[in-house]
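Undergrad: This is the structure I have questions about; it appears just below.
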Amino acid sequence: MLLDIRNLTISTETANGKVNVLDKVNLQISEGEIHTLVGESGSGKSLIARAIMGFLSNRWHVQADRLWFEDTDLLNLTPKQRREIIGVDIAMIFQDAKSYLDPNLTIGEQLKQAVLNQDLSGSFWQRRKERQQKVVSLLHRVGIKEHDAILNSYSYELSEGAAQKVMIASAIAHRPKLLIADEPTSTMEPATRQQIYRLLAQFHARYGMSILMISQDLGAIMQQTERLTMIYSGQVMENGSAEQLLRAPQHPYTEALLDTSLYRHAKMQPRSHLPTLAGAEPTLQHLPVGCRLGPRCSYARPACVKTPALQKYRGTQYACHFPLRIEEDES
Ligand SMILES: Nc1ncnc2c1ncn2[C@@H]1O[C@H](COP(=O)(O)OP(=O)(O)OP(=O)(O)O)[C@@H](O)[C@H]1O
Ligand code: SF4
Ligand SMILES: [Mg+2]
C-alpha cells in the first residue's frame, strides 16, 4: 500500500465546543493507482490533503490509527524524513495555487529548481541549456504556449488558471510517487481540463505515478480513475472501484451526486439545468447526530441517528443502514 489512512479524525474548537470536522476517515491508495476523492464543497477534501502533507495549523487536532506513506508514519516525521518525502515523493497541486508559489522568485527560476539533476547530462553549459529547454517543454505540456511571458513573471502577476498550470508543471517535474491534485482544473475550460487529465494520465503510465485527484463533481473526474471515495461532511459514505460505484452505487449520496452530475446527463443540451441535491452541507456548528447525510437523505429512517459503520460488499465499502441495491444484487 502506498498511502494508508485509517480512522483519520480532525477536530477543532468552535463556538459550540469541539467538533470532529473529519470523522474516522479511511483512504487507501495502492502503488500506481488513480484514486478520486469526491464530495461537495466543505466536505473536508482539502483537509485530508493537507493532513497528508502535514500542512495544518495548530487549530486542527489530528488523530489517526494509521497515516502512513509506504513504511513511514506521516504523523511522526523526523525533519530528514520530511525533506525526503514532502514535496518530493508526495507532491501537491493546491486549490489556491497562487498563494503556494514563491512570490520572490520568477516562475522561470522556480521551475528550473523543480527539474531533477538526474534528468540532465553533459557539461555545466549543456546542463544549463537542457534545464531551460525542459522548463519550456513543461510549460508547453500544461498548455502554456507564451512561455517567455510566463517565465519572466512573478506569481502575483498570473491568473489563477495560469498559476495552477505552473504548479502542475512543477509537480510533474519532480516525478513524485504520489501526486495530490486538489481540484486542479476547476478554473479551466473543459478542453484545457481534458488536456491536463491526458498529461497526468501520461505521467501515470510512464512513471507509475499514483494520483489522488480531488473533485466536487462526479461528471468531471479523470476517465482513468480506478477507485473512488465519496465523502460528505467529513464522513466517508462509500468507496470502491469506479466502475462499480458509477454503475451500481449502494449509497444514497453517490446516487444523488450521480443524478446531479454531468455523468448521467452527457446527452443534455448545454443550457439545460441539472437537478440538484436539495439542501446544503451542514455547518460545523450544526452537525447532525449519526449519519450526517440524514437531513438531506430521502431514505432516512429513525435508525440513521446512529452512525453507520463501513460495510464491505464485493470489493466496495459503504456506510449506510439502508443500502440501495444489496437485495437486487443478491437475487
Ligand atoms: N481555515 C479554515 N477556517 C475555518 N474553517 C475551515 C478552514 N478550512 C476549512 N474549514 C472548514 O472545514 C470543513 C472542511 O473544509 P475543506 O476546505 O476541507 O472542504 P473541501 O471539501 O475542500 O471544500 P471545497 O470543495 O470548497 O474546497 C468546512 O466546514 C470548512 O468550513
Ligand atoms: S444511513 Fe440513513 S441517512 Fe444515512 S445515507 Fe443511509 S439511509 Fe440515508
Ligand atoms: Mg477544498
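Residues in the C-alpha cells are named by chain (A, B, ... in the order shown) and by number from 1 within that chain; ligands are numbered from 1 in the order shown.
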Might you pull out every residue within 12 Å of Asp71 (chain A), with only C-alpha atoms counted and same-chain residues fewer than 5 positions away left off, and present them as a PyMOL selection string?
TA: chain A and resi 1-4+66+76-77+81+85
Undergrad: Which polymer residues have any atom within 10 Å of an atom of Ile107 (chain A), counting only C-alpha atoms, with same-chain residues fewer than 2 positions away left out, as a PyMOL selection string?
TA: chain A and resi 101-105+109-112+135+149-155+158+163+166-167+170
Undergrad: Kindly save the residues from that selection, with C-alpha atoms included, as a tab-separated table (two decimals), in the first residue's frame.
TA:
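As written to disk, result-v7.tsv reads:
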chain	number	residue	atom	x	y	z
A	101	LEU	CA	4.08	29.79	-5.40
A	102	ASP	CA	7.10	31.74	-4.11
A	103	PRO	CA	6.36	35.47	-4.63
A	104	ASN	CA	10.09	36.34	-4.52
A	105	LEU	CA	11.20	34.21	-7.47
A	109	GLU	CA	13.54	30.37	-11.53
A	110	GLN	CA	11.03	28.24	-9.61
A	111	LEU	CA	10.56	25.79	-12.46
A	112	LYS	CA	14.33	25.45	-13.01
A	135	VAL	CA	11.24	24.13	-18.33
A	149	ALA	CA	5.92	35.97	-20.72
A	150	ILE	CA	5.17	33.38	-18.00
A	151	LEU	CA	8.83	32.52	-17.27
A	152	ASN	CA	9.64	36.17	-16.54
A	153	SER	CA	6.55	36.75	-14.38
A	154	TYR	CA	6.06	36.56	-10.63
A	155	SER	CA	3.20	34.54	-9.16
A	158	LEU	CA	-0.51	35.37	-13.06
A	163	ALA	CA	-0.77	29.62	-11.64
A	166	VAL	CA	2.62	26.29	-13.38
A	167	MET	CA	2.04	24.25	-10.20
A	170	SER	CA	6.41	21.99	-11.19
Undergrad: Find the residues around Leu284 (chain A) up to 8 Å (only C-alpha atoms counted), leave out those fewer than 3 positions away in its own chain, and share them as a ChimeraX atom specification.
TA: /A:14,19,21,287
Undergrad: Between CA of Ala171 (chain A) and CA of Val25 (chain A), measure the distance and give it in Å to one decimal.
TA: 26.0 Å
Undergrad: Which residues are near Arg227 (chain A)? Cut-off 12 Å, only C-alpha atoms, ignore same chain within fewer than 2 positions. Put them as a ChimeraX atom specification.
TA: /A:27-30,32-38,210-213,221-225,229-230,238-246,315-317
Undergrad: Restrict the selected residues to C-alpha atoms and save them as a PDB file, in the first residue's frame.
TA:
ATOM      1  CA  LEU A  27      -8.460   6.135   2.464  1.00  0.00           C
ATOM      2  CA  GLN A  28      -6.107   3.629   0.885  1.00  0.00           C
ATOM      3  CA  ILE A  29      -4.159   4.143  -2.338  1.00  0.00           C
ATOM      4  CA  SER A  30      -2.088   1.415  -3.973  1.00  0.00           C
ATOM      5  CA  GLY A  32       0.226   3.221  -9.490  1.00  0.00           C
ATOM      6  CA  GLU A  33      -3.459   3.830  -8.703  1.00  0.00           C
ATOM      7  CA  ILE A  34      -5.553   6.805  -9.782  1.00  0.00           C
ATOM      8  CA  HIS A  35      -7.992   7.491  -6.960  1.00  0.00           C
ATOM      9  CA  THR A  36     -10.563  10.288  -6.920  1.00  0.00           C
ATOM     10  CA  LEU A  37     -11.974  11.806  -3.743  1.00  0.00           C
ATOM     11  CA  VAL A  38     -15.398  13.289  -4.470  1.00  0.00           C
ATOM     12  CA  SER A 210      -0.157   7.377  -8.239  1.00  0.00           C
ATOM     13  CA  ILE A 211      -2.662  10.216  -8.254  1.00  0.00           C
ATOM     14  CA  LEU A 212      -5.116  11.351  -5.608  1.00  0.00           C
ATOM     15  CA  MET A 213      -7.464  13.588  -7.573  1.00  0.00           C
ATOM     16  CA  ILE A 221     -13.380  13.066 -12.950  1.00  0.00           C
ATOM     17  CA  MET A 222     -10.426  11.623 -14.875  1.00  0.00           C
ATOM     18  CA  GLN A 223     -11.548   8.794 -17.166  1.00  0.00           C
ATOM     19  CA  GLN A 224      -8.644   6.698 -15.876  1.00  0.00           C
ATOM     20  CA  THR A 225      -9.881   6.849 -12.255  1.00  0.00           C
ATOM     21  CA  THR A 229     -14.025   7.639  -2.307  1.00  0.00           C
ATOM     22  CA  MET A 230     -17.217   9.590  -1.673  1.00  0.00           C
ATOM     23  CA  GLU A 238     -18.770   4.893   0.028  1.00  0.00           C
ATOM     24  CA  ASN A 239     -15.561   3.741  -1.636  1.00  0.00           C
ATOM     25  CA  GLY A 240     -14.587   1.144  -4.186  1.00  0.00           C
ATOM     26  CA  SER A 241     -13.894   0.599  -7.860  1.00  0.00           C
ATOM     27  CA  ALA A 242     -15.056   3.488 -10.018  1.00  0.00           C
ATOM     28  CA  GLU A 243     -16.727   1.064 -12.407  1.00  0.00           C
ATOM     29  CA  GLN A 244     -18.864  -0.463  -9.638  1.00  0.00           C
ATOM     30  CA  LEU A 245     -19.752   2.818  -7.913  1.00  0.00           C
ATOM     31  CA  LEU A 246     -20.767   4.554 -11.123  1.00  0.00           C
ATOM     32  CA  GLY A 315     -14.779  -5.010  -3.231  1.00  0.00           C
ATOM     33  CA  THR A 316     -16.552  -1.827  -2.150  1.00  0.00           C
ATOM     34  CA  GLN A 317     -17.424  -0.333   1.214  1.00  0.00           C
TER      35      GLN A 317
END
Undergrad: Within 10 Å of ligand 2, which residues of chain A come that close, and what is the closest atom pair and distance in Å for each? Count only C-alpha atoms and all ligand atoms and give it as a Markdown table.
TA:
| residue | atom | partner | partner_atom_place_in_ligand_line | distance |
| --- | --- | --- | --- | --- |
| A:Tyr232 | CA | ligand 2 | 5 (S) | 10.0 |
| A:Met237 | CA | ligand 2 | 5 (S) | 7.6 |
| A:Glu238 | CA | ligand 2 | 5 (S) | 9.9 |
| A:Gln250 | CA | ligand 2 | 6 (Fe) | 9.2 |
| A:His251 | CA | ligand 2 | 5 (S) | 6.2 |
| A:Pro252 | CA | ligand 2 | 5 (S) | 5.3 |
| A:Tyr253 | CA | ligand 2 | 5 (S) | 6.4 |
| A:Thr254 | CA | ligand 2 | 5 (S) | 9.4 |
| A:Gly290 | CA | ligand 2 | 4 (Fe) | 7.9 |
| A:Cys291 | CA | ligand 2 | 4 (Fe) | 4.6 |
| A:Arg292 | CA | ligand 2 | 4 (Fe) | 6.7 |
| A:Leu293 | CA | ligand 2 | 3 (S) | 5.2 |
| A:Gly294 | CA | ligand 2 | 3 (S) | 3.6 |
| A:Pro295 | CA | ligand 2 | 3 (S) | 7.2 |
| A:Arg296 | CA | ligand 2 | 3 (S) | 7.6 |
| A:Cys297 | CA | ligand 2 | 8 (Fe) | 4.7 |
| A:Ser298 | CA | ligand 2 | 8 (Fe) | 6.7 |
| A:Tyr299 | CA | ligand 2 | 7 (S) | 4.5 |
| A:Ala300 | CA | ligand 2 | 3 (S) | 4.1 |
| A:Arg301 | CA | ligand 2 | 2 (Fe) | 6.0 |
| A:Pro302 | CA | ligand 2 | 2 (Fe) | 8.0 |
| A:Ala303 | CA | ligand 2 | 2 (Fe) | 7.0 |
| A:Cys304 | CA | ligand 2 | 2 (Fe) | 4.3 |
| A:Val305 | CA | ligand 2 | 3 (S) | 7.8 |
| A:Lys306 | CA | ligand 2 | 1 (S) | 8.0 |
| A:Thr307 | CA | ligand 2 | 1 (S) | 7.2 |
| A:Pro308 | CA | ligand 2 | 1 (S) | 5.8 |
| A:Ala309 | CA | ligand 2 | 1 (S) | 9.2 |
| A:Tyr318 | CA | ligand 2 | 6 (Fe) | 9.1 |
| A:Ala319 | CA | ligand 2 | 1 (S) | 6.7 |
| A:Cys320 | CA | ligand 2 | 6 (Fe) | 3.7 |
| A:His321 | CA | ligand 2 | 1 (S) | 4.5 |
| A:Phe322 | CA | ligand 2 | 7 (S) | 4.9 |
| A:Pro323 | CA | ligand 2 | 6 (Fe) | 6.5 |
| A:Leu324 | CA | ligand 2 | 7 (S) | 8.7 |
